[in-house]
$ cat structure23.csv   # CSV, C-alpha atoms
chain,number,residue,atom,x,y,z
A,8,MET,CA,-2.6,-23.4,-19.3
A,9,ASN,CA,-1.6,-20.5,-17.0
A,10,ILE,CA,-4.3,-21.1,-14.4
A,11,LEU,CA,-3.1,-24.7,-13.8
A,12,HIS,CA,0.4,-23.5,-13.0
A,13,LEU,CA,-1.1,-20.9,-10.7
A,14,LEU,CA,-3.1,-23.7,-8.9
A,15,LYS,CA,0.1,-25.8,-8.6
A,16,ALA,CA,1.9,-22.8,-7.0
A,17,PHE,CA,-0.9,-22.3,-4.5
A,18,LEU,CA,-0.9,-25.9,-3.6
A,19,ILE,CA,2.9,-25.9,-3.0
A,20,THR,CA,2.7,-22.7,-0.9
A,21,GLY,CA,-0.1,-24.2,1.2
A,22,VAL,CA,1.9,-27.4,2.0
A,23,MET,CA,4.9,-25.3,2.9
A,24,LEU,CA,2.8,-23.1,5.2
A,25,MET,CA,1.4,-26.2,6.9
A,26,ALA,CA,5.0,-27.5,7.4
A,27,THR,CA,6.1,-24.3,9.1
A,28,ALA,CA,3.0,-24.3,11.3
A,29,VAL,CA,3.7,-27.8,12.5
A,30,SER,CA,7.2,-27.0,13.5
A,31,ALA,CA,6.2,-24.5,16.2
A,32,GLU,CA,4.1,-24.7,19.4
A,33,VAL,CA,0.7,-23.0,19.9
A,34,PRO,CA,1.3,-19.5,21.1
A,35,LEU,CA,-0.9,-18.9,24.3
A,36,PRO,CA,-1.0,-15.7,26.4
A,37,GLU,CA,0.9,-15.8,29.7
A,38,ILE,CA,-1.9,-15.1,32.2
A,39,GLN,CA,-0.7,-13.8,35.6
A,40,THR,CA,-2.8,-14.7,38.6
A,41,GLY,CA,-3.8,-11.9,41.0
A,42,GLU,CA,-3.6,-11.8,44.8
A,43,GLY,CA,-6.5,-13.2,46.8
A,44,ASN,CA,-9.9,-13.9,45.4
A,45,CYS,CA,-11.5,-12.0,42.6
A,46,VAL,CA,-15.0,-10.4,42.9
A,47,GLU,CA,-16.4,-13.0,40.5
A,48,PRO,CA,-15.4,-16.5,39.4
A,49,THR,CA,-12.7,-16.7,36.7
A,50,ASP,CA,-14.8,-18.0,33.9
A,51,ILE,CA,-17.4,-15.2,34.4
A,52,MET,CA,-14.6,-12.6,34.6
A,53,ARG,CA,-13.1,-13.8,31.4
A,54,LYS,CA,-16.3,-13.2,29.5
A,55,ASP,CA,-17.9,-10.2,31.2
A,56,HIS,CA,-15.2,-8.2,32.9
A,57,MET,CA,-15.7,-5.3,30.5
A,58,ASN,CA,-19.4,-5.2,31.3
A,59,PHE,CA,-18.7,-5.0,35.0
A,60,ILE,CA,-16.2,-2.2,34.5
A,61,TYR,CA,-18.5,-0.2,32.1
A,62,HIS,CA,-21.5,-0.6,34.4
A,63,GLN,CA,-19.5,0.6,37.4
A,64,ARG,CA,-18.3,3.6,35.4
A,65,ASP,CA,-21.8,4.6,34.4
A,66,GLU,CA,-23.1,4.2,38.0
A,67,THR,CA,-20.2,6.2,39.4
A,68,MET,CA,-20.1,8.9,36.8
A,69,TYR,CA,-23.7,9.5,36.0
A,70,GLN,CA,-25.5,8.5,39.2
A,71,GLY,CA,-22.8,9.2,41.8
A,72,ILE,CA,-23.0,5.7,43.2
A,73,ARG,CA,-19.4,5.0,44.1
A,74,THR,CA,-18.9,1.4,45.2
A,75,SER,CA,-15.7,-0.6,45.4
A,76,LYS,CA,-16.9,-4.1,44.1
A,77,TYR,CA,-16.1,-3.6,40.4
A,78,SER,CA,-13.8,-0.6,40.7
A,79,LEU,CA,-10.9,-0.5,38.3
A,80,LYS,CA,-8.6,0.6,41.1
A,81,GLN,CA,-9.4,-2.7,42.9
A,82,CYS,CA,-8.6,-4.7,39.7
A,83,VAL,CA,-5.3,-2.9,39.4
A,84,SER,CA,-4.3,-3.2,43.0
A,85,CYS,CA,-4.6,-7.1,43.0
A,86,HIS,CA,-3.4,-7.7,39.5
A,87,ALA,CA,-0.4,-5.3,39.3
A,88,ILE,CA,2.9,-7.2,39.0
A,89,LYS,CA,6.5,-6.2,39.5
A,90,ASP,CA,9.4,-6.9,37.2
A,91,ASP,CA,12.9,-8.1,38.2
A,92,GLN,CA,14.0,-4.6,39.3
A,93,GLY,CA,11.0,-4.4,41.6
A,94,GLU,CA,9.3,-1.8,39.5
A,95,TYR,CA,5.6,-2.1,38.6
A,96,VAL,CA,5.0,-3.4,35.1
A,97,ARG,CA,3.1,-0.7,33.0
A,98,ALA,CA,0.1,-1.3,30.8
A,99,ASN,CA,2.1,-1.0,27.5
A,100,ASP,CA,4.2,-4.0,28.5
A,101,PRO,CA,3.0,-7.4,27.2
A,102,LYS,CA,3.6,-8.9,30.6
A,103,TYR,CA,0.9,-6.6,32.2
A,104,PHE,CA,-2.1,-8.6,33.4
A,105,CYS,CA,-4.6,-7.0,31.0
A,106,THR,CA,-2.3,-6.5,28.1
A,107,SER,CA,-1.2,-10.2,27.7
A,108,CYS,CA,-4.7,-11.3,26.6
A,109,HIS,CA,-5.8,-8.0,25.0
A,110,GLU,CA,-2.8,-8.1,22.7
A,111,TYR,CA,-3.4,-11.8,22.0
A,112,VAL,CA,-6.9,-11.1,20.7
A,113,ALA,CA,-6.3,-7.6,19.3
A,114,VAL,CA,-8.6,-5.8,21.6
A,115,LYS,CA,-7.7,-2.2,22.5
A,116,ILE,CA,-7.7,-1.1,26.2
A,117,ASP,CA,-8.6,2.5,26.6
A,118,CYS,CA,-8.9,2.5,30.5
A,119,PHE,CA,-5.3,3.5,31.1
A,120,GLU,CA,-5.3,6.5,28.9
A,121,CYS,CA,-6.9,8.2,31.9
A,122,HIS,CA,-6.7,5.8,34.8
A,123,ALA,CA,-3.6,4.7,36.6
A,124,ASP,CA,-2.2,1.3,35.5
A,125,THR,CA,-0.3,0.7,38.8
A,126,PRO,CA,-1.4,0.9,42.4
A,127,ARG,CA,-1.3,4.6,43.3
A,128,SER,CA,2.5,5.2,43.2
A,129,THR,CA,2.5,6.7,39.8
A,130,ASP,CA,-0.2,9.3,40.5
A,131,LYS,CA,1.4,12.7,39.6
A,132,HIS,CA,0.2,14.6,42.6
A,133,GLU,CA,1.3,11.9,45.0
A,134,LEU,CA,4.8,11.9,43.5
A,135,ARG,CA,4.9,15.7,44.0
A,136,VAL,CA,3.8,15.3,47.6
A,137,ASN,CA,6.6,12.8,48.2
A,138,GLU,CA,9.2,15.1,46.8
B,16,MET,CA,-9.5,-33.8,25.9
B,17,SER,CA,-13.3,-33.5,26.0
B,18,PHE,CA,-15.6,-35.2,23.6
B,19,LEU,CA,-16.7,-31.8,22.2
B,20,THR,CA,-13.1,-30.7,21.5
B,21,ILE,CA,-12.4,-33.9,19.6
B,22,LEU,CA,-15.7,-33.7,17.7
B,23,PHE,CA,-15.2,-30.1,16.6
B,24,ALA,CA,-11.6,-30.5,15.8
B,25,THR,CA,-12.4,-33.5,13.6
B,26,LEU,CA,-15.3,-31.6,11.9
B,27,PHE,CA,-13.1,-28.6,11.3
B,28,TYR,CA,-10.3,-30.6,9.6
B,29,PHE,CA,-12.9,-32.5,7.6
B,30,ALA,CA,-14.7,-29.4,6.5
B,31,THR,CA,-11.5,-27.6,5.6
B,32,ALA,CA,-10.4,-30.6,3.5
B,33,VAL,CA,-13.8,-30.7,1.7
B,34,LEU,CA,-13.7,-26.9,1.1
B,35,LEU,CA,-10.1,-26.9,-0.3
B,36,PHE,CA,-10.3,-30.0,-2.4
B,37,GLY,CA,-13.9,-29.3,-3.5
B,38,VAL,CA,-13.3,-25.7,-4.6
B,39,GLY,CA,-9.9,-26.7,-6.0
B,40,TYR,CA,-11.5,-29.4,-8.1
B,41,LYS,CA,-14.3,-27.0,-9.3
B,42,ILE,CA,-11.6,-24.4,-10.3
B,43,TRP,CA,-9.7,-27.0,-12.2
B,44,GLN,CA,-12.9,-28.0,-13.9
B,45,TYR,CA,-13.7,-24.4,-14.8
B,46,ALA,CA,-10.1,-23.9,-16.1
B,47,ILE,CA,-10.2,-26.9,-18.5
B,48,THR,CA,-13.7,-26.3,-19.8
B,49,PRO,CA,-13.4,-25.0,-23.3
B,50,ALA,CA,-14.9,-21.6,-24.3
B,51,PRO,CA,-15.4,-22.3,-28.1
B,52,LEU,CA,-16.9,-18.9,-28.9
B,53,LYS,CA,-15.6,-15.3,-28.7
B,54,ILE,CA,-18.5,-13.8,-26.8
B,55,PRO,CA,-17.3,-10.8,-24.6
B,56,THR,CA,-20.3,-8.6,-23.8
B,57,MET,CA,-19.9,-5.3,-25.6
B,58,PRO,CA,-18.5,-2.7,-25.1
B,59,ALA,CA,-15.5,-4.9,-24.2
B,60,PRO,CA,-11.8,-4.1,-23.7
B,61,ILE,CA,-9.5,-4.7,-26.6
B,62,THR,CA,-6.3,-5.4,-24.5
B,63,LYS,CA,-5.5,-7.9,-21.7
B,64,LEU,CA,-4.9,-5.0,-19.3
B,65,GLY,CA,-8.4,-3.8,-20.1
B,66,VAL,CA,-9.8,-7.2,-19.3
B,67,VAL,CA,-8.0,-7.1,-15.9
B,68,LEU,CA,-9.5,-3.7,-15.2
B,69,ARG,CA,-13.0,-4.8,-16.3
B,70,MET,CA,-12.8,-7.9,-14.1
B,71,THR,CA,-11.6,-5.8,-11.1
B,72,GLU,CA,-14.6,-3.5,-11.6
B,73,GLU,CA,-16.9,-6.5,-11.7
B,74,VAL,CA,-15.4,-8.1,-8.6
B,75,VAL,CA,-15.0,-5.0,-6.5
B,76,LEU,CA,-18.0,-2.9,-7.5
B,77,PHE,CA,-20.4,-5.4,-9.1
B,78,LYS,CA,-20.7,-3.2,-12.2
B,79,SER,CA,-23.0,-5.4,-14.3
B,80,LEU,CA,-25.3,-5.9,-11.4
B,81,PHE,CA,-25.4,-2.1,-10.8
B,82,LYS,CA,-26.4,-1.6,-14.4
B,83,SER,CA,-29.1,-4.3,-14.3
B,84,ASN,CA,-30.8,-3.9,-10.9
B,85,LYS,CA,-30.2,-1.2,-8.3
B,86,TRP,CA,-31.9,-2.9,-5.4
B,87,ILE,CA,-30.0,-6.2,-5.7
B,88,TRP,CA,-26.9,-4.2,-6.1
B,89,ILE,CA,-27.4,-2.1,-2.9
B,90,PHE,CA,-28.1,-5.1,-0.7
B,91,GLY,CA,-25.7,-7.5,-2.4
B,92,TRP,CA,-22.8,-5.1,-2.4
B,93,MET,CA,-23.5,-4.2,1.2
B,94,PHE,CA,-23.5,-7.8,2.2
B,95,HIS,CA,-20.3,-8.7,0.2
B,96,PHE,CA,-18.3,-5.7,1.4
B,97,ALA,CA,-19.3,-6.2,5.0
B,98,LEU,CA,-18.5,-9.9,4.7
B,99,LEU,CA,-15.0,-9.0,3.6
B,100,LEU,CA,-14.5,-6.7,6.6
B,101,VAL,CA,-15.9,-9.3,9.0
B,102,LEU,CA,-13.7,-12.0,7.5
B,103,LEU,CA,-10.6,-9.8,7.8
B,104,ARG,CA,-11.6,-9.0,11.5
B,105,HIS,CA,-11.7,-12.8,12.1
B,106,LEU,CA,-8.1,-13.1,10.9
B,107,ARG,CA,-7.1,-12.2,14.5
B,108,TYR,CA,-8.1,-15.7,15.6
B,109,PHE,CA,-5.7,-17.3,13.1
B,110,GLN,CA,-2.5,-15.5,13.6
B,111,GLU,CA,-0.1,-14.6,16.5
B,112,PRO,CA,1.1,-11.9,16.5
B,113,VAL,CA,-1.8,-10.1,14.9
B,114,TRP,CA,-0.9,-8.0,11.8
B,115,TRP,CA,-1.0,-4.3,12.5
B,116,TRP,CA,-3.7,-3.6,10.0
B,117,VAL,CA,-5.9,-6.4,11.3
B,118,ASP,CA,-5.6,-4.7,14.7
B,119,LEU,CA,-6.5,-1.4,13.0
B,120,ILE,CA,-9.8,-2.6,11.3
B,121,GLN,CA,-11.2,-4.3,14.4
B,122,PRO,CA,-13.7,-1.5,15.2
B,123,VAL,CA,-14.9,-1.3,11.6
B,124,GLY,CA,-15.5,-5.1,11.4
B,125,MET,CA,-17.6,-4.9,14.5
B,126,TYR,CA,-20.2,-2.7,12.8
B,127,ALA,CA,-19.8,-4.4,9.5
B,128,GLY,CA,-21.6,-7.4,11.2
B,129,PHE,CA,-24.8,-5.4,11.2
B,130,VAL,CA,-24.4,-4.2,7.6
B,131,LEU,CA,-23.9,-7.9,6.6
B,132,VAL,CA,-27.2,-9.0,8.2
B,133,ILE,CA,-29.1,-6.0,6.9
B,134,GLY,CA,-27.9,-6.7,3.3
B,135,LEU,CA,-28.9,-10.4,3.5
B,136,LEU,CA,-32.3,-9.5,5.1
B,137,GLY,CA,-32.9,-7.2,2.1
B,138,LEU,CA,-32.0,-10.0,-0.3
B,139,ILE,CA,-34.2,-12.6,1.4
B,140,THR,CA,-37.1,-10.1,1.5
B,141,ARG,CA,-36.8,-9.7,-2.2
B,142,ARG,CA,-37.0,-13.5,-2.7
B,143,ILE,CA,-40.2,-13.6,-0.6
B,144,VAL,CA,-42.0,-10.4,-1.6
B,145,VAL,CA,-41.3,-10.0,-5.3
B,146,ALA,CA,-43.7,-12.5,-7.0
B,147,ARG,CA,-41.6,-13.1,-10.2
B,148,VAL,CA,-38.4,-13.7,-8.1
B,149,ARG,CA,-40.3,-16.0,-5.7
B,150,TYR,CA,-41.3,-18.1,-8.7
B,151,ILE,CA,-37.8,-18.8,-9.7
B,152,THR,CA,-36.5,-19.2,-6.2
B,153,SER,CA,-35.4,-22.7,-5.2
B,154,PRO,CA,-35.0,-24.0,-1.6
B,155,SER,CA,-31.2,-23.8,-1.8
B,156,ASP,CA,-31.4,-20.0,-2.4
B,157,HIS,CA,-33.2,-19.6,0.9
B,158,LEU,CA,-30.9,-22.1,2.6
B,159,MET,CA,-27.8,-20.1,1.8
B,160,LEU,CA,-29.3,-16.8,2.9
B,161,ILE,CA,-30.7,-18.3,6.1
B,162,LEU,CA,-27.4,-20.0,6.8
B,163,ILE,CA,-25.3,-16.9,6.5
B,164,ILE,CA,-27.9,-14.7,8.3
B,165,SER,CA,-27.7,-17.2,11.2
B,166,ILE,CA,-23.9,-17.1,11.2
B,167,GLY,CA,-24.1,-13.3,11.3
B,168,LEU,CA,-26.7,-13.2,14.1
B,169,THR,CA,-25.0,-15.7,16.4
B,170,GLY,CA,-21.7,-13.7,15.8
B,171,LEU,CA,-23.3,-10.4,16.7
B,172,ALA,CA,-25.1,-12.0,19.7
B,173,MET,CA,-21.7,-13.1,21.0
B,174,ARG,CA,-20.3,-9.6,20.7
B,175,TYR,CA,-23.3,-7.7,22.1
B,176,ILE,CA,-25.4,-10.0,24.3
B,177,LEU,CA,-23.8,-13.2,25.6
B,178,ARG,CA,-20.1,-13.0,25.5
B,179,THR,CA,-17.7,-15.8,24.9
B,180,ASP,CA,-14.1,-16.1,26.2
B,181,ILE,CA,-12.4,-15.2,23.0
B,182,VAL,CA,-8.9,-16.0,24.3
B,183,SER,CA,-9.8,-19.7,24.5
B,184,VAL,CA,-11.5,-19.4,21.1
B,185,LYS,CA,-8.2,-18.1,19.6
B,186,ALA,CA,-6.3,-20.8,21.5
B,187,PHE,CA,-8.6,-23.5,20.0
B,188,MET,CA,-8.3,-22.1,16.4
B,189,LEU,CA,-4.5,-21.7,16.6
B,190,GLY,CA,-4.4,-25.2,18.1
B,191,LEU,CA,-6.0,-26.5,14.9
B,192,LEU,CA,-3.5,-24.7,12.8
B,193,TYR,CA,-0.5,-25.9,14.8
B,194,LEU,CA,-1.9,-29.4,14.9
B,195,ASP,CA,-1.9,-29.2,18.7
B,196,VAL,CA,-5.6,-29.2,19.7
B,197,GLN,CA,-6.6,-27.0,22.6
B,198,PRO,CA,-9.9,-27.3,24.6
B,199,ILE,CA,-12.9,-25.7,22.8
B,200,PRO,CA,-15.0,-23.1,24.7
B,201,THR,CA,-18.4,-24.7,25.4
B,202,ASP,CA,-20.8,-21.7,25.3
B,203,TRP,CA,-23.8,-22.8,23.3
B,204,LEU,CA,-23.8,-19.6,21.3
B,205,PHE,CA,-20.2,-20.2,20.2
B,206,LEU,CA,-20.9,-23.8,19.4
B,207,THR,CA,-23.9,-22.9,17.3
B,208,HIS,CA,-21.9,-20.2,15.4
B,209,ILE,CA,-19.1,-22.7,14.7
B,210,THR,CA,-21.4,-25.5,13.7
B,211,LEU,CA,-23.1,-23.2,11.2
B,212,VAL,CA,-19.7,-22.1,9.8
B,213,ILE,CA,-18.6,-25.7,9.4
B,214,SER,CA,-21.9,-26.4,7.5
B,215,LEU,CA,-21.1,-23.4,5.3
B,216,LEU,CA,-17.6,-24.7,4.6
B,217,LEU,CA,-19.0,-28.1,3.7
B,218,VAL,CA,-21.8,-26.9,1.5
B,219,PHE,CA,-19.6,-24.3,-0.3
B,220,PRO,CA,-18.1,-26.5,-3.1
B,221,PHE,CA,-21.6,-27.9,-3.9
B,222,SER,CA,-23.6,-24.7,-4.0
B,223,LYS,CA,-24.3,-21.4,-5.8
B,224,LEU,CA,-21.6,-19.9,-3.6
B,225,LEU,CA,-19.1,-21.1,-6.2
B,226,HIS,CA,-19.9,-17.9,-8.0
B,227,ALA,CA,-16.9,-16.6,-6.0
B,228,PRO,CA,-14.3,-18.4,-8.1
B,229,GLY,CA,-16.7,-18.8,-11.0
B,230,ILE,CA,-16.9,-15.1,-11.9
B,231,PHE,CA,-13.3,-15.2,-13.1
B,232,PHE,CA,-14.2,-17.8,-15.7
B,233,SER,CA,-17.1,-16.0,-17.3
B,234,PRO,CA,-16.4,-15.9,-21.0
B,235,THR,CA,-18.5,-12.8,-21.5
B,236,ARG,CA,-16.4,-10.9,-18.9
B,237,ASN,CA,-12.9,-12.4,-19.3
B,238,GLN,CA,-12.4,-12.3,-23.0
B,239,VAL,CA,-10.5,-9.7,-25.0
B,240,ASP,CA,-12.4,-8.1,-27.8
B,241,ASN,CA,-10.0,-9.0,-30.7
B,242,PRO,CA,-11.8,-11.5,-33.0
B,243,ARG,CA,-10.4,-10.0,-36.2
B,244,GLU,CA,-6.9,-9.4,-34.9
B,245,LYS,CA,-6.5,-13.0,-33.6
B,246,ARG,CA,-8.5,-16.1,-34.4
B,247,HIS,CA,-10.2,-17.5,-31.4
B,248,ILE,CA,-10.0,-21.3,-31.3
B,249,ALA,CA,-10.6,-23.7,-28.5
B,250,LYS,CA,-7.9,-26.4,-27.9
B,251,TRP,CA,-10.1,-29.3,-29.0
B,252,ALA,CA,-11.2,-27.4,-32.1
B,253,ALA,CA,-7.5,-26.7,-33.0
B,254,LYS,CA,-6.9,-30.5,-33.2
B,255,LEU,CA,-9.9,-30.9,-35.6
B,256,ASP,CA,-8.6,-27.9,-37.6
B,257,ALA,CA,-5.2,-29.4,-38.1
B,258,THR,CA,-6.7,-32.7,-39.6
B,259,ARG,CA,-9.3,-30.9,-41.7
B,260,LYS,CA,-9.3,-31.6,-45.4
B,261,SER,CA,-10.5,-28.5,-47.1
$ encode --input "structure23.csv" --output "structure tokens"
Amino acid sequence: MNILHLLKAFLITGVMLMATAVSAEVPLPEIQTGEGNCVEPTDIMRKDHMNFIYHQRDETMYQGIRTSKYSLKQCVSCHAIKDDQGEYVRANDPKYFCTSCHEYVAVKIDCFECHADTPRSTDKHELRVNE
Amino acid sequence: MSFLTILFATLFYFATAVLLFGVGYKIWQYAITPAPLKIPTMPAPITKLGVVLRMTEEVVLFKSLFKSNKWIWIFGWMFHFALLLVLLRHLRYFQEPVWWWVDLIQPVGMYAGFVLVIGLLGLITRRIVVARVRYITSPSDHLMLILIISIGLTGLAMRYILRTDIVSVKAFMLGLLYLDVQPIPTDWLFLTHITLVISLLLVFPFSKLLHAPGIFFSPTRNQVDNPREKRHIAKWAAKLDATRKS
């Protein structure tokens, strides 16, 4: 019967997949640690960082209350890392603090489509001033 | 390793084994069960390709259900399609790197969670409100609906109310796949979600949820309409046929 051959094929594929899985190590994201202390404990940040950032955005943009506790700029300034050449790692690099985990769990970051992903130095107007 | 990690890892392996062997056994049983009569529901396709198309229509669009009851079709189809999207969204916890199209459908899957729950609420309302349906409803019908609704609600709550550290969720799930168990996140909402999912895996091979593989074995849907061109005869009947003295 055809269906029985099909079942056997499935079973064999399954066993082979298991075998390849066993031969490798669990991939985990490489999480960089920032400088100094964060504004919240790590386990709270891991769950709720997006809420803090969104809340901060709403307060700043809609109500004009600009505080620095949960500001994205502060996140970036502590968590920015440099590569071997001494250049800041950019947000599209898997080594970037946010990107390592966000890529791991397939969550898109849209912060850096507008905001700077490194501490200041890549701001266009500042570069122009420096010239 | 904590007690919870060991407990849930063991439960997961056990539940997966029960699901695979249970459903595998049921499929084997369906496959060897003889269909002695030629009984495709008319109008029926007269070629094998036609049967494949008919079956695809059944599985993808629930065509017979659409023709028989529009309300069940609306809620049932909503639920099943949303379930597909939600399951595909969950693939991200089981693979590294994540496939590009799994990445792409993440936002869709997020809202599919609501559609899934709304569909099921529609179905359970029908079982409670419509008297003649209530009369033929057994406790297990409610159990399945409530189980999947709870899974949906705890999942949505984790996304929109009380968040969980999904990086460690993924590490735990991948750890199970790689046979290198990682610590499980201990948020109560996540543990509830995962306990309900394990119960679903365990109950699947013993429940009405077997309609998933079962539909492919429905003689009224999977037979070619060619009784005159080709004699239909079950295997056991063929043996009797050969020894028959006319």
$ atom_distance --input "structure23.csv" --atom1 "CA of Met125 (chain B)" --atom2 "CA of Tyr61 (chain A)"
18.2 Å
$ interface_residues --input "structure23.csv" --of "chain B" --to "chain A" --cutoff "7 Å" --atoms "all atoms listed in the file" --output "list in words"
Ala46, Arg107, Tyr108, Glu111, Val113, Asp118, Arg178, Thr179, Asp180, Val182, Ala186, Leu189, Gly190, Leu192, Tyr193, Leu194 and Asp195 of chain B
$ residues_around --input "structure23.csv" --residues "Lys223 (chain B)" --least-positions-apart "2" --cutoff "9 Å" --atoms "all atoms listed in the file" --output "PyMOL selection string"
chain B and resi 155-156+159+219-221+225-227
$ write_last_selection --input "structure23.csv" --atoms "C-alpha atoms" --output "PDB file, keeping the file's coordinate frame"
ATOM      1  CA  SER B 155     -31.200 -23.800  -1.800  1.00  0.00           C
ATOM      2  CA  ASP B 156     -31.400 -20.000  -2.400  1.00  0.00           C
ATOM      3  CA  MET B 159     -27.800 -20.100   1.800  1.00  0.00           C
ATOM      4  CA  PHE B 219     -19.600 -24.300  -0.300  1.00  0.00           C
ATOM      5  CA  PRO B 220     -18.100 -26.500  -3.100  1.00  0.00           C
ATOM      6  CA  PHE B 221     -21.600 -27.900  -3.900  1.00  0.00           C
ATOM      7  CA  LEU B 225     -19.100 -21.100  -6.200  1.00  0.00           C
ATOM      8  CA  HIS B 226     -19.900 -17.900  -8.000  1.00  0.00           C
ATOM      9  CA  ALA B 227     -16.900 -16.600  -6.000  1.00  0.00           C
TER      10      ALA B 227
END
$ atom_distance --input "structure23.csv" --atom1 "CA of Ala123 (chain A)" --atom2 "CA of Trp114 (chain B)"
28.0 Å
$ residues_around --input "structure23.csv" --residues "Cys118 (chain A)" --least-positions-apart "6" --cutoff "12 Å" --atoms "all atoms listed in the file" --output "PDB file with C-alpha atoms, in the frame of the given file"
ATOM      1  CA  MET A  57     -15.700  -5.300  30.500  1.00  0.00           C
ATOM      2  CA  ILE A  60     -16.200  -2.200  34.500  1.00  0.00           C
ATOM      3  CA  TYR A  61     -18.500  -0.200  32.100  1.00  0.00           C
ATOM      4  CA  ARG A  64     -18.300   3.600  35.400  1.00  0.00           C
ATOM      5  CA  SER A  78     -13.800  -0.600  40.700  1.00  0.00           C
ATOM      6  CA  LEU A  79     -10.900  -0.500  38.300  1.00  0.00           C
ATOM      7  CA  LYS A  80      -8.600   0.600  41.100  1.00  0.00           C
ATOM      8  CA  CYS A  82      -8.600  -4.700  39.700  1.00  0.00           C
ATOM      9  CA  VAL A  83      -5.300  -2.900  39.400  1.00  0.00           C
ATOM     10  CA  ALA A  98       0.100  -1.300  30.800  1.00  0.00           C
ATOM     11  CA  ASN A  99       2.100  -1.000  27.500  1.00  0.00           C
ATOM     12  CA  CYS A 105      -4.600  -7.000  31.000  1.00  0.00           C
ATOM     13  CA  THR A 106      -2.300  -6.500  28.100  1.00  0.00           C
ATOM     14  CA  ASP A 124      -2.200   1.300  35.500  1.00  0.00           C
TER      15      ASP A 124
END
$ atom_distance --input "structure23.csv" --atom1 "CA of Gly167 (chain B)" --atom2 "CA of Leu131 (chain B)"
7.2 Å
$ decode --input "structure23.csv" --residues "region 210-253 of chain B" --atoms "C-alpha atoms" --output "mmCIF file, in the first residue's frame"
data_model
loop_
_atom_site.group_PDB
_atom_site.id
_atom_site.type_symbol
_atom_site.label_atom_id
_atom_site.label_comp_id
_atom_site.auth_asym_id
_atom_site.auth_seq_id
_atom_site.Cartn_x
_atom_site.Cartn_y
_atom_site.Cartn_z
ATOM 1 C CA THR B 210 1.296 22.860 30.368
ATOM 2 C CA LEU B 211 -1.864 23.294 28.302
ATOM 3 C CA VAL B 212 0.063 22.633 25.086
ATOM 4 C CA ILE B 213 1.540 19.454 26.582
ATOM 5 C CA SER B 214 -1.988 18.331 27.544
ATOM 6 C CA LEU B 215 -3.105 18.999 23.973
ATOM 7 C CA LEU B 216 -0.243 16.907 22.548
ATOM 8 C CA LEU B 217 -1.114 14.100 24.953
ATOM 9 C CA VAL B 218 -4.847 14.081 24.262
ATOM 10 C CA PHE B 219 -4.523 14.520 20.482
ATOM 11 C CA PRO B 220 -4.159 10.833 19.487
ATOM 12 C CA PHE B 221 -7.148 9.860 21.632
ATOM 13 C CA SER B 222 -9.562 12.595 20.643
ATOM 14 C CA LYS B 223 -11.776 13.991 17.906
ATOM 15 C CA LEU B 224 -8.780 16.092 16.872
ATOM 16 C CA LEU B 225 -7.775 13.035 14.821
ATOM 17 C CA HIS B 226 -10.025 14.449 12.102
ATOM 18 C CA ALA B 227 -6.810 16.147 10.931
ATOM 19 C CA PRO B 228 -5.260 12.973 9.475
ATOM 20 C CA GLY B 229 -8.671 11.272 9.317
ATOM 21 C CA ILE B 230 -10.145 13.469 6.590
ATOM 22 C CA PHE B 231 -7.697 12.022 4.062
ATOM 23 C CA PHE B 232 -9.135 8.562 4.665
ATOM 24 C CA SER B 233 -12.819 9.443 4.107
ATOM 25 C CA PRO B 234 -14.090 7.029 1.412
ATOM 26 C CA THR B 235 -16.806 9.479 0.383
ATOM 27 C CA ARG B 236 -14.142 12.071 -0.431
ATOM 28 C CA ASN B 237 -11.049 10.110 -1.520
ATOM 29 C CA GLN B 238 -12.554 7.694 -4.028
ATOM 30 C CA VAL B 239 -12.527 8.047 -7.804
ATOM 31 C CA ASP B 240 -15.955 7.780 -9.421
ATOM 32 C CA ASN B 241 -15.167 4.841 -11.766
ATOM 33 C CA PRO B 242 -17.280 1.881 -10.620
ATOM 34 C CA ARG B 243 -18.062 0.729 -14.172
ATOM 35 C CA GLU B 244 -14.591 1.241 -15.621
ATOM 36 C CA LYS B 245 -12.818 -0.567 -12.812
ATOM 37 C CA ARG B 246 -14.183 -3.115 -10.386
ATOM 38 C CA HIS B 247 -13.824 -1.913 -6.782
ATOM 39 C CA ILE B 248 -12.733 -4.716 -4.503
ATOM 40 C CA ALA B 249 -11.228 -4.665 -1.009
ATOM 41 C CA LYS B 250 -8.158 -6.826 -0.370
ATOM 42 C CA TRP B 251 -9.909 -9.299 1.911
ATOM 43 C CA ALA B 252 -12.738 -9.623 -0.556
ATOM 44 C CA ALA B 253 -10.287 -10.326 -3.379
#
